[in-house]
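Enquirer: Pasting run.tsv here (TSV, C-alpha atoms):
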chain	number	residue	atom	x	y	z
A	1	MET	CA	89.60	74.47	63.04
A	2	ASN	CA	90.83	77.84	64.34
A	3	LEU	CA	88.10	80.46	64.09
A	4	THR	CA	89.61	82.90	66.57
A	5	GLY	CA	88.14	86.38	66.24
A	6	CYS	CA	90.33	89.40	65.54
A	7	GLY	CA	92.03	90.56	68.74
A	8	ILE	CA	90.93	87.74	71.04
A	9	SER	CA	93.67	85.93	72.95
A	10	GLU	CA	94.29	82.22	72.63
A	11	LYS	CA	93.46	81.80	76.32
A	12	LYS	CA	90.03	83.42	75.82
A	13	GLU	CA	89.47	81.33	72.71
A	14	VAL	CA	90.11	78.08	74.61
A	15	ALA	CA	87.84	79.14	77.47
A	16	ALA	CA	85.11	80.18	75.01
A	17	ARG	CA	85.29	76.81	73.23
A	18	GLU	CA	84.99	75.02	76.55
A	19	LEU	CA	81.90	77.06	77.40
A	20	ILE	CA	80.35	76.36	73.99
A	21	ALA	CA	80.77	72.62	74.58
A	22	LYS	CA	79.07	72.95	77.96
A	23	MET	CA	76.24	75.07	76.46
A	24	ILE	CA	75.54	72.44	73.81
A	25	GLU	CA	75.51	69.67	76.42
A	26	SER	CA	73.24	71.68	78.71
A	27	ALA	CA	70.83	72.47	75.85
A	28	ASP	CA	70.29	68.80	74.99
A	29	GLY	CA	66.63	68.17	75.79
A	30	ALA	CA	66.14	71.59	77.38
A	31	VAL	CA	63.55	74.07	76.12
A	32	VAL	CA	62.81	77.69	76.88
A	33	SER	CA	59.33	77.69	78.37
A	34	GLN	CA	59.10	81.49	78.63
A	35	SER	CA	60.87	84.49	77.16
A	36	ASP	CA	60.39	88.16	76.38
A	37	CYS	CA	61.91	89.81	73.35
A	38	THR	CA	62.39	93.39	72.24
A	39	THR	CA	63.00	93.78	68.50
A	40	LYS	CA	64.07	96.88	66.59
A	41	LEU	CA	64.63	96.94	62.83
A	42	GLU	CA	65.65	100.17	61.10
A	43	THR	CA	65.99	100.19	57.31
A	44	VAL	CA	66.54	102.47	54.34
A	45	LEU	CA	64.25	101.44	51.47
A	46	THR	CA	64.38	102.52	47.85
A	47	PHE	CA	61.20	102.79	45.77
A	48	GLY	CA	61.96	103.96	42.26
A	49	ASN	CA	64.22	107.00	42.76
A	50	ARG	CA	63.06	107.72	46.31
A	51	GLU	CA	64.55	106.60	49.63
A	52	PHE	CA	62.61	106.17	52.85
A	53	ASN	CA	63.54	105.35	56.43
A	54	TRP	CA	61.29	102.53	57.58
A	55	TRP	CA	61.34	100.86	60.97
A	56	TRP	CA	59.65	98.07	62.88
A	57	GLN	CA	59.50	97.56	66.64
A	58	TYR	CA	58.03	94.61	68.52
A	59	GLU	CA	57.71	93.54	72.13
A	60	THR	CA	56.97	89.84	72.41
A	61	HIS	CA	56.05	87.50	75.25
A	62	ASN	CA	56.37	83.78	74.48
A	63	GLU	CA	55.26	80.69	76.41
A	64	TYR	CA	55.90	77.09	75.38
A	65	ASP	CA	54.64	73.73	76.68
A	66	LYS	CA	57.25	71.05	75.95
A	67	GLU	CA	54.91	68.12	76.61
A	68	SER	CA	52.08	69.18	74.29
A	69	GLY	CA	54.04	71.35	71.85
A	70	ARG	CA	51.53	74.15	72.35
A	71	ALA	CA	52.77	77.74	72.45
A	72	ASN	CA	51.25	81.14	73.17
A	73	SER	CA	52.68	84.48	72.09
A	74	GLU	CA	51.59	88.06	72.45
A	75	VAL	CA	53.22	90.55	70.11
A	76	VAL	CA	52.95	94.30	70.62
A	77	TYR	CA	53.72	96.17	67.41
A	78	TYR	CA	54.51	99.88	67.47
A	79	ARG	CA	53.83	102.24	64.59
A	80	ASP	CA	54.13	105.96	65.29
A	81	ASP	CA	54.39	105.06	69.01
A	82	VAL	CA	50.90	103.51	68.94
A	83	PRO	CA	50.81	99.88	70.21
A	84	PHE	CA	48.85	97.15	68.42
A	85	ILE	CA	48.45	93.76	70.12
A	86	THR	CA	48.28	90.42	68.32
A	87	LYS	CA	47.79	87.05	70.00
A	88	PHE	CA	49.15	83.77	68.63
A	89	HIS	CA	48.55	80.15	69.59
A	90	MET	CA	50.42	77.24	68.04
A	91	THR	CA	49.17	73.68	68.38
A	92	GLU	CA	49.60	70.29	66.78
A	93	GLU	CA	46.58	68.82	65.00
A	94	GLN	CA	46.84	65.38	63.40
A	95	GLY	CA	50.60	65.68	63.08
A	96	VAL	CA	50.52	69.22	61.62
A	97	PHE	CA	51.46	72.37	63.52
A	98	TYR	CA	48.95	75.16	63.02
A	99	ILE	CA	49.22	78.77	64.15
A	100	TYR	CA	46.12	80.69	65.21
A	101	GLY	CA	46.44	84.46	65.19
A	102	LYS	CA	44.17	87.34	66.15
A	103	GLN	CA	44.71	91.06	65.99
A	104	GLU	CA	42.62	93.38	68.11
A	105	ASP	CA	39.63	93.75	65.78
A	106	THR	CA	39.91	90.77	63.42
A	107	ASN	CA	38.71	87.20	63.23
A	108	TRP	CA	41.00	84.41	64.41
A	109	LEU	CA	43.07	83.14	61.49
A	110	LYS	CA	44.53	79.64	61.18
A	111	TYR	CA	47.45	78.60	59.00
A	112	ASP	CA	49.96	75.80	58.61
A	113	ALA	CA	53.24	76.64	60.36
A	114	CYS	CA	55.01	74.45	57.76
A	115	PHE	CA	57.70	73.08	60.02
A	116	LEU	CA	58.15	69.90	62.04
A	117	LYS	CA	58.40	69.56	65.80
A	118	GLU	CA	61.93	68.20	65.50
A	119	ASP	CA	62.97	71.36	63.63
A	120	MET	CA	62.22	73.49	66.71
A	121	SER	CA	64.98	73.67	69.31
A	122	ARG	CA	63.36	76.19	71.65
A	123	ASN	CA	66.63	76.81	73.46
A	124	PHE	CA	68.74	79.27	71.34
A	125	VAL	CA	71.63	76.80	71.11
A	126	SER	CA	70.86	73.42	69.52
A	127	ASN	CA	70.28	74.61	65.95
A	128	MET	CA	72.84	77.42	65.94
A	129	ASN	CA	75.91	75.47	64.76
A	130	LEU	CA	77.91	76.95	67.62
A	131	GLU	CA	80.71	74.43	67.07
A	132	ASN	CA	81.70	76.40	63.96
A	133	ALA	CA	81.05	79.88	65.32
A	134	GLU	CA	83.68	82.60	65.16
A	135	VAL	CA	84.43	83.79	68.68
A	136	ILE	CA	84.49	87.59	68.89
A	137	ASP	CA	84.86	88.04	72.63
A	138	TYR	CA	84.49	86.15	75.88
A	139	LYS	CA	84.38	87.29	79.50
A	140	GLU	CA	83.88	85.03	82.49
A	141	GLU	CA	81.37	86.15	85.12
A	142	ALA	CA	80.95	89.42	83.27
A	143	GLU	CA	77.94	90.54	85.30
A	144	GLU	CA	74.94	89.41	87.34
A	145	ILE	CA	71.42	88.90	85.94
A	146	ASN	CA	68.61	88.19	88.41
A	147	GLY	CA	71.18	87.33	91.06
A	148	LYS	CA	73.05	84.86	88.83
A	149	LYS	CA	76.63	85.29	87.73
A	150	VAL	CA	76.85	85.05	83.95
A	151	HIS	CA	79.52	84.62	81.32
A	152	ARG	CA	79.25	86.78	78.19
A	153	LEU	CA	80.12	85.07	74.91
A	154	SER	CA	80.11	87.02	71.63
A	155	VAL	CA	80.09	85.00	68.40
A	156	LYS	CA	79.45	85.28	64.69
A	157	LEU	CA	77.39	82.35	63.48
A	158	GLN	CA	77.72	80.42	60.25
A	159	ASP	CA	74.93	78.25	58.82
A	160	ALA	CA	72.78	78.85	61.89
A	161	SER	CA	69.09	77.99	61.85
A	162	ILE	CA	67.64	81.37	62.84
A	163	ARG	CA	64.09	81.07	61.48
A	164	GLU	CA	62.67	80.22	64.89
A	165	LEU	CA	64.75	82.95	66.55
A	166	LEU	CA	63.37	85.58	64.16
A	167	PHE	CA	59.73	84.63	64.27
A	168	GLU	CA	59.59	84.29	68.04
A	169	ALA	CA	61.04	87.81	68.10
A	170	GLY	CA	57.82	89.15	66.59
A	171	PHE	CA	58.32	88.93	62.83
A	172	LYS	CA	55.59	86.31	62.62
A	173	LEU	CA	53.23	89.27	63.07
A	174	THR	CA	54.47	90.96	59.92
A	175	PHE	CA	54.31	87.70	58.00
A	176	TRP	CA	51.23	86.30	59.75
A	177	GLY	CA	49.14	84.05	57.58
A	178	SER	CA	52.28	82.96	55.71
A	179	GLU	CA	54.34	79.85	56.26
A	180	TYR	CA	57.70	80.47	57.94
A	181	ASN	CA	59.65	78.60	55.29
A	182	SER	CA	58.50	80.94	52.53
A	183	VAL	CA	60.66	83.79	53.90
A	184	ASP	CA	64.16	84.06	52.39
A	185	LEU	CA	66.91	84.15	55.07
A	186	SER	CA	69.76	83.10	52.78
A	187	ASP	CA	71.80	86.32	53.10
A	188	VAL	CA	71.29	87.11	56.81
A	189	THR	CA	74.42	87.54	58.93
A	190	VAL	CA	74.20	86.82	62.66
A	191	GLN	CA	76.19	88.02	65.66
A	192	ILE	CA	75.00	87.02	69.14
A	193	ASP	CA	76.03	87.99	72.63
A	194	TYR	CA	75.11	85.03	74.84
A	195	TYR	CA	74.70	85.60	78.57
A	196	VAL	CA	75.23	82.18	80.14
A	197	ASP	CA	74.49	81.07	83.71
A	198	SER	CA	77.89	80.16	85.20
A	199	GLU	CA	76.36	77.27	87.18
A	200	THR	CA	73.94	75.64	84.70
A	201	ASN	CA	75.57	76.77	81.41
A	202	GLN	CA	72.10	77.69	80.14
A	203	VAL	CA	71.41	80.88	78.20
A	204	ILE	CA	69.47	83.38	80.30
A	205	LYS	CA	69.75	86.35	77.94
A	206	LEU	CA	70.92	87.02	74.41
A	207	GLU	CA	71.39	90.06	72.22
A	208	THR	CA	71.35	89.38	68.49
A	209	GLN	CA	72.53	91.74	65.76
A	210	LEU	CA	71.51	90.88	62.21
A	211	GLY	CA	72.92	92.21	58.95
A	212	GLY	CA	72.60	91.58	55.24
A	213	MET	CA	68.90	90.71	55.05
A	214	LYS	CA	68.23	92.18	51.60
A	215	GLU	CA	65.97	89.30	50.58
A	216	PHE	CA	64.30	89.23	53.97
A	217	ILE	CA	63.57	92.97	53.79
A	218	ARG	CA	62.17	92.61	50.27
A	219	ASP	CA	59.82	89.87	51.47
A	220	LEU	CA	58.90	91.89	54.54
A	221	VAL	CA	58.10	95.11	52.65
A	222	ILE	CA	56.14	93.48	49.86
A	223	TYR	CA	54.21	91.17	52.18
A	224	ASN	CA	53.57	93.76	54.87
A	225	ASP	CA	52.37	96.39	52.43
A	226	ASN	CA	49.95	94.22	50.52
A	227	LEU	CA	52.09	93.82	47.41
A	228	SER	CA	51.31	97.41	46.47
A	229	TYR	CA	55.01	98.30	46.21
A	230	GLU	CA	56.17	95.17	44.42
A	231	ASP	CA	56.74	96.91	41.08
A	232	GLU	CA	58.35	100.03	42.58
A	233	TYR	CA	60.55	98.39	45.22
A	234	LYS	CA	64.23	98.51	44.26
A	235	ASP	CA	66.40	97.92	47.31
A	236	GLY	CA	66.57	97.78	51.08
A	237	LYS	CA	69.41	97.89	53.56
A	238	VAL	CA	69.60	97.43	57.30
A	239	GLU	CA	70.64	100.35	59.45
A	240	LYS	CA	70.06	98.41	62.65
A	241	CYS	CA	68.47	95.08	63.56
A	242	VAL	CA	68.66	94.03	67.20
A	243	LEU	CA	66.76	91.28	69.04
A	244	VAL	CA	67.08	91.14	72.83
A	245	TYR	CA	65.71	88.04	74.54
A	246	ASP	CA	65.48	88.10	78.34
A	247	ASN	CA	63.29	86.84	81.22
A	248	ILE	CA	64.19	83.38	79.92
A	249	SER	CA	62.89	80.41	81.92
A	250	TYR	CA	63.39	76.66	81.52
A	251	GLU	CA	60.81	75.62	84.14
A	252	GLU	CA	58.01	73.38	82.86
A	253	ARG	CA	54.94	75.32	81.81
A	254	LYS	CA	51.44	74.25	80.83
A	255	VAL	CA	49.85	76.06	77.89
A	256	PRO	CA	46.09	75.40	77.76
A	257	MET	CA	44.28	74.34	74.62
A	258	LEU	CA	42.62	77.04	72.56
A	259	ASN	CA	38.89	77.35	73.12
A	260	PHE	CA	36.93	74.96	70.87
A	261	GLU	CA	34.62	77.72	69.62
A	262	ILE	CA	37.63	79.82	68.58
A	263	LYS	CA	39.03	76.89	66.61
A	264	LYS	CA	35.65	76.26	65.01
A	265	GLU	CA	35.12	79.89	63.97
A	266	SER	CA	38.71	80.58	62.82
A	267	LEU	CA	39.38	81.25	59.13
A	268	LEU	CA	41.90	79.01	57.36
A	269	VAL	CA	44.51	80.95	55.39
A	270	HIS	CA	45.31	78.90	52.30
A	271	GLN	CA	49.02	78.23	51.75
A	272	VAL	CA	48.40	76.99	48.19
A	273	ASP	CA	45.81	77.88	45.54
A	274	THR	CA	42.68	75.83	46.29
A	275	VAL	CA	39.76	75.18	43.91
A	276	TYR	CA	36.09	75.11	44.99
A	277	THR	CA	33.14	74.03	42.81
A	278	LEU	CA	29.80	75.84	42.71
A	279	SER	CA	26.64	74.71	40.88
A	280	VAL	CA	22.96	75.32	40.18
A	281	MET	CA	20.76	73.45	37.72
A	282	ASP	CA	21.96	75.20	34.55
A	283	ALA	CA	25.49	76.27	35.48
A	284	GLU	CA	28.52	75.56	37.56
A	285	ALA	CA	31.73	77.36	38.39
A	286	GLU	CA	35.24	76.53	39.55
A	287	VAL	CA	36.56	79.24	41.86
A	288	THR	CA	40.18	79.40	42.99
A	289	CYS	CA	40.89	80.69	46.48
A	290	PRO	CA	44.47	81.94	46.01
A	291	LYS	CA	47.35	81.46	48.42
A	292	GLY	CA	47.12	83.93	51.28
A	293	TRP	CA	43.30	84.20	51.09
A	294	VAL	CA	40.55	82.80	53.30
A	295	VAL	CA	37.05	81.47	52.60
A	296	LEU	CA	34.66	83.84	54.35
A	297	SER	CA	31.49	81.90	53.51
A	298	LYS	CA	30.39	79.16	51.12
A	299	ASP	CA	27.14	77.70	49.82
A	300	THR	CA	26.45	75.24	47.02
A	301	ASN	CA	26.15	78.04	44.46
A	302	ALA	CA	28.18	80.91	45.95
A	303	ILE	CA	31.45	81.57	47.73
A	304	SER	CA	33.00	84.63	49.34
A	305	ILE	CA	36.77	84.84	49.72
A	306	GLY	CA	39.03	87.52	51.15
A	307	ARG	CA	42.61	88.42	51.65
A	308	PHE	CA	43.60	87.70	55.24
A	309	ASP	CA	44.42	91.39	55.82
A	310	ASP	CA	40.87	92.48	54.88
A	311	GLN	CA	42.15	94.71	52.06
A	312	MET	CA	40.27	92.86	49.34
A	313	ASN	CA	37.39	90.41	49.14
A	314	ALA	CA	35.36	88.86	46.34
A	315	SER	CA	32.07	87.02	46.01
A	316	PHE	CA	31.37	84.57	43.17
A	317	GLY	CA	27.98	83.04	42.49
A	318	VAL	CA	25.72	81.29	39.98
A	319	TYR	CA	22.07	82.10	40.63
A	320	MET	CA	18.89	80.62	39.12
A	321	PRO	CA	16.33	81.65	38.12
A	322	THR	CA	17.81	85.13	37.96
A	323	THR	CA	18.01	87.76	35.23
A	324	ILE	CA	20.51	90.46	34.35
A	325	GLU	CA	17.94	92.95	35.63
A	326	ASP	CA	18.06	91.26	39.03
A	327	GLY	CA	21.85	91.63	39.11
A	328	GLU	CA	21.60	95.31	38.22
A	329	ALA	CA	19.04	95.74	41.01
A	330	TRP	CA	21.58	94.25	43.46
A	331	ILE	CA	24.13	96.82	42.30
A	332	ALA	CA	21.62	99.66	42.76
A	333	ARG	CA	21.02	98.54	46.35
A	334	ASP	CA	24.77	98.49	46.99
A	335	ILE	CA	25.05	102.03	45.64
A	336	GLU	CA	22.42	103.27	48.08
A	337	TYR	CA	24.11	101.48	50.97
A	338	ILE	CA	27.52	102.98	50.14
A	339	LYS	CA	25.93	106.45	49.91
A	340	GLU	CA	24.46	105.94	53.37
A	341	GLU	CA	27.92	105.03	54.65
A	342	GLY	CA	29.25	108.39	53.45
A	343	VAL	CA	32.13	106.99	51.35
A	344	TYR	CA	30.47	107.19	47.90
A	345	VAL	CA	32.27	109.10	45.13
A	346	LEU	CA	30.67	108.00	41.85
A	347	ASP	CA	29.33	104.99	39.96
A	348	LYS	CA	29.32	104.09	36.28
A	349	LYS	CA	29.10	101.25	33.80
A	350	GLY	CA	32.49	99.76	33.03
A	351	PRO	CA	33.99	98.29	29.85
A	352	LYS	CA	33.05	94.88	28.51
A	353	MET	CA	35.49	92.21	29.74
A	354	GLY	CA	35.15	89.15	27.55
A	355	GLU	CA	31.53	88.02	27.89
A	356	PHE	CA	31.04	89.99	31.10
A	357	ASP	CA	29.27	93.31	31.56
A	358	THR	CA	30.93	95.35	34.29
A	359	TYR	CA	30.03	98.13	36.69
A	360	GLU	CA	32.02	100.09	39.24
A	361	ILE	CA	31.41	102.15	42.35
A	362	SER	CA	34.24	104.44	43.41
A	363	MET	CA	34.64	105.08	47.13
A	364	ARG	CA	36.93	107.34	49.10
A	365	ASP	CA	38.87	104.33	50.31
A	366	GLY	CA	38.71	101.96	47.35
A	367	ILE	CA	36.47	100.53	44.67
A	368	VAL	CA	33.65	98.01	44.27
A	369	GLY	CA	33.61	96.21	40.93
A	370	TYR	CA	31.01	93.93	39.38
A	371	ALA	CA	31.08	91.48	36.49
A	372	TYR	CA	28.03	89.51	35.34
A	373	LYS	CA	26.71	87.51	32.41
A	374	PRO	CA	23.78	85.18	31.64
A	375	ILE	CA	24.26	81.40	31.55
A	376	LYS	CA	21.06	79.87	30.10
A	377	ARG	CA	18.44	80.53	32.80
A	378	ALA	CA	21.08	81.46	35.38
A	379	ILE	CA	23.34	84.46	35.97
A	380	ALA	CA	27.01	84.43	36.82
A	381	PHE	CA	27.74	87.30	39.22
A	382	ILE	CA	30.99	88.57	40.72
A	383	CYS	CA	31.46	91.38	43.22
A	384	VAL	CA	34.89	92.61	44.33
A	385	ASN	CA	35.73	95.05	47.13
A	386	ASP	CA	39.25	96.42	46.76
A	387	TYR	CA	40.70	98.84	49.32
A	388	THR	CA	44.16	98.92	47.70
A	389	SER	CA	43.17	100.39	44.32
A	390	SER	CA	40.83	102.82	42.60
A	391	ARG	CA	41.06	101.17	39.17
A	392	LEU	CA	38.46	98.73	37.89
A	393	ASP	CA	40.78	97.61	35.07
A	394	LYS	CA	43.28	96.42	37.71
A	395	THR	CA	40.84	94.81	40.12
A	396	LEU	CA	38.37	92.85	38.01
A	397	PRO	CA	40.65	91.14	35.46
A	398	GLU	CA	42.65	89.61	38.30
A	399	MET	CA	39.49	88.23	39.90
A	400	LEU	CA	38.16	86.88	36.60
A	401	GLU	CA	41.27	84.73	36.36
A	402	TYR	CA	40.18	82.93	39.53
A	403	VAL	CA	36.85	81.70	38.16
A	404	LYS	CA	35.62	79.55	35.29
A	405	PHE	CA	31.89	79.33	34.54
A	406	THR	CA	30.41	76.50	32.44
A	407	THR	CA	26.95	75.45	31.29
A	408	ILE	CA	25.46	72.19	32.52
A	409	GLU	CA	23.84	70.20	29.73
A	410	TRP	CA	20.86	68.04	30.54
Kindly return the structure encoded in the file as structure tokens.
Expert:
Amino acid sequence: MNLTGCGISEKKEVAARELIAKMIESADGAVVSQSDCTTKLETVLTFGNREFNWWWQYETHNEYDKESGRANSEVVYYRDDVPFITKFHMTEEQGVFYIYGKQEDTNWLKYDACFLKEDMSRNFVSNMNLENAEVIDYKEEAEEINGKKVHRLSVKLQDASIRELLFEAGFKLTFWGSEYNSVDLSDVTVQIDYYVDSETNQVIKLETQLGGMKEFIRDLVIYNDNLSYEDEYKDGKVEKCVLVYDNISYEERKVPMLNFEIKKESLLVHQVDTVYTLSVMDAEAEVTCPKGWVVLSKDTNAISIGRFDDQMNASFGVYMPTTIEDGEAWIARDIEYIKEEGVYVLDKKGPKMGEFDTYEISMRDGIVGYAYKPIKRAIAFICVNDYTSSRLDKTLPEMLEYVKFTTIEW
């Protein structure tokens, strides 16, 4: 098949194809044990009738242990020139790859990476379908990198597996807590400049330019901004998306196991809705921890769950013997505490929601909502902290859908 790029000579095309064959052979069994990546994404986003320029910038350091499959990454994210550091550790546990992640001031999170070891090439070549690439340009011994003469090969890729390439470039930070395979890459176009060691035929640097990406940007904006723009978001287009991988090494590297206490204390981010059962003598409840949430604490009769980004959390409980007056006393204590914190705005009784009485406390940075009702000698009690909204009628109904209370008959 002739996929010669516009303007490239037949001689260059033949030489480029020969190099591609050597790159594929050299990549067989080889893995990148270390790399650094600089990522810049500039977009124009449309919300309703308004357009905004939105950009992301990451600096990522990656280390990979071929023998164990463990990997460490450190991602520096810049917003308004202020750096934020997130650490990642990937490890295999009972045949499943899990990713542990920690931002500067958060708990360690744990979530299923949702891909198999054999799906990871770790070498920038094996999964890229280079055999069918369109050659744009090729130059032998174009320059020197770290004292090595390198060829420069420019290609447009078709049907390349770029999920690993993207997430190791830092986008796993934006999507952290979410499985890689949930992100839509169907319309992404890829052009790569490979810098290839003239002696080993291994890639020692690459510059990737991505285009298209409308579905990817939609996922990124909605996920990154806590779903708050889902209804308003209309469109997004890429102004510039460049990933530059360098400091690439193929030498064997040992990545140590994550500390046992960190693993023990980490919070599991659910990738599917998961049901938990609570009970006391007179009542029980089924509480759904939705996808993307974590269980913060659990007892036989109460559970606290939260969104992994700390923007919302909810506590559900069945308590006995407890009266409605006890529940209202709990609310009064919360009001005093919030006043002491200096974020109190107002509090008031809310509308009836089904069989539930409701109450709300408005804060400068969100709302606390309560729903409660008697169940025989017990009380069903729900408390929601929402830092994304100031409306009780938005916050509580959603949480009430996640719980079902029933009476236990003796």
Enquirer: Residues within 12 Å of Val280 of chain A, please, as a count of residues only. Count all atoms listed in the file; anything in the same chain fewer than 2 positions from it doesn't count.
Expert: 27
Enquirer: List the neighbours of Glu252 of chain A out to 8 Å using all atoms listed in the file; skip same-chain residues closer than 4 positions along the sequence, and give me the result as number ranges by chain.
Expert: A: 33, 65-66
Enquirer: Would you pick out the contacts of Gly350 of chain A at 12 Å or less, using all atoms listed in the file, so that residues sharing its chain but fewer than 6 positions from it are not included, and give the list as a list of chain:residue names?
Expert: A:Phe356, A:Asp357, A:Thr358, A:Tyr359, A:Glu360, A:Ile361, A:Ser362, A:Val368, A:Gly369, A:Tyr370, A:Ala371, A:Tyr372, A:Arg391, A:Leu392, A:Asp393, A:Leu396
Enquirer: Go ahead and write the selection's residues with C-alpha atoms as a PDB file, keeping the file's coordinate frame.
Expert:
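Generated output (selection.pdb):
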ATOM      1  CA  PHE A 356      31.040  89.990  31.100  1.00  0.00           C
ATOM      2  CA  ASP A 357      29.270  93.310  31.560  1.00  0.00           C
ATOM      3  CA  THR A 358      30.930  95.350  34.290  1.00  0.00           C
ATOM      4  CA  TYR A 359      30.030  98.130  36.690  1.00  0.00           C
ATOM      5  CA  GLU A 360      32.020 100.090  39.240  1.00  0.00           C
ATOM      6  CA  ILE A 361      31.410 102.150  42.350  1.00  0.00           C
ATOM      7  CA  SER A 362      34.240 104.440  43.410  1.00  0.00           C
ATOM      8  CA  VAL A 368      33.650  98.010  44.270  1.00  0.00           C
ATOM      9  CA  GLY A 369      33.610  96.210  40.930  1.00  0.00           C
ATOM     10  CA  TYR A 370      31.010  93.930  39.380  1.00  0.00           C
ATOM     11  CA  ALA A 371      31.080  91.480  36.490  1.00  0.00           C
ATOM     12  CA  TYR A 372      28.030  89.510  35.340  1.00  0.00           C
ATOM     13  CA  ARG A 391      41.060 101.170  39.170  1.00  0.00           C
ATOM     14  CA  LEU A 392      38.460  98.730  37.890  1.00  0.00           C
ATOM     15  CA  ASP A 393      40.780  97.610  35.070  1.00  0.00           C
ATOM     16  CA  LEU A 396      38.370  92.850  38.010  1.00  0.00           C
TER      17      LEU A 396
END
Enquirer: If we count all atoms listed in the file and set the cut-off at 9 Å, which residues sit around Phe84 of chain A, ignoring sequence neighbours fewer than 3 positions away in its own chain? Please answer as a PyMOL selection string.
Expert: chain A and resi 75-79+103-104
Enquirer: Pick out the residues sitting within 9 Å of Asn62 of chain A, and hand them over as a ChimeraX atom specification; count only C-alpha atoms, and ignore anything fewer than 3 positions along from it in its own chain.
Expert: /A:33-37,71-75,168-169
Enquirer: If I take atom CA of Pro290 of chain A and atom CA of Ile338 of chain A, how far is one from the other in Å, to one decimal?
Expert: 27.3 Å
Enquirer: Give the answer as one residue: which of A:Glu59, A:Glu51, A:Asp197, A:Asp219 has the shortest atom-to-atom distance to Leu19 of chain A, using all atoms listed in the file?
Expert: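 Of all the options, A:Asp197 lies closest to Leu19 of chain A.
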Enquirer: Figure out the distance between atom CA of Phe88 of chain A and atom CA of Leu210 of chain A, please, to one decimal in Å.
Expert: 24.3 Å
Enquirer: Atom CA of Val221 of chain A and atom CA of Val188 of chain A, how far apart in Å?
Expert: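 It comes out at 16.0 Å.
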Enquirer: Considering all atoms listed in the file, state which residue in the set A:Ser9, A:Ser26, A:Gln57, A:Asn201 is at the smallest distance from Ile136 of chain A.
Expert: A:Ser9
Enquirer: Tell me which of A:Asn49, A:Asn247, A:Gln271, A:Ser266 sits closest to Cys114 of chain A, counting all atoms listed in the file.
Expert: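 With all atoms listed in the file as the atom set, the closest residue is A:Gln271.
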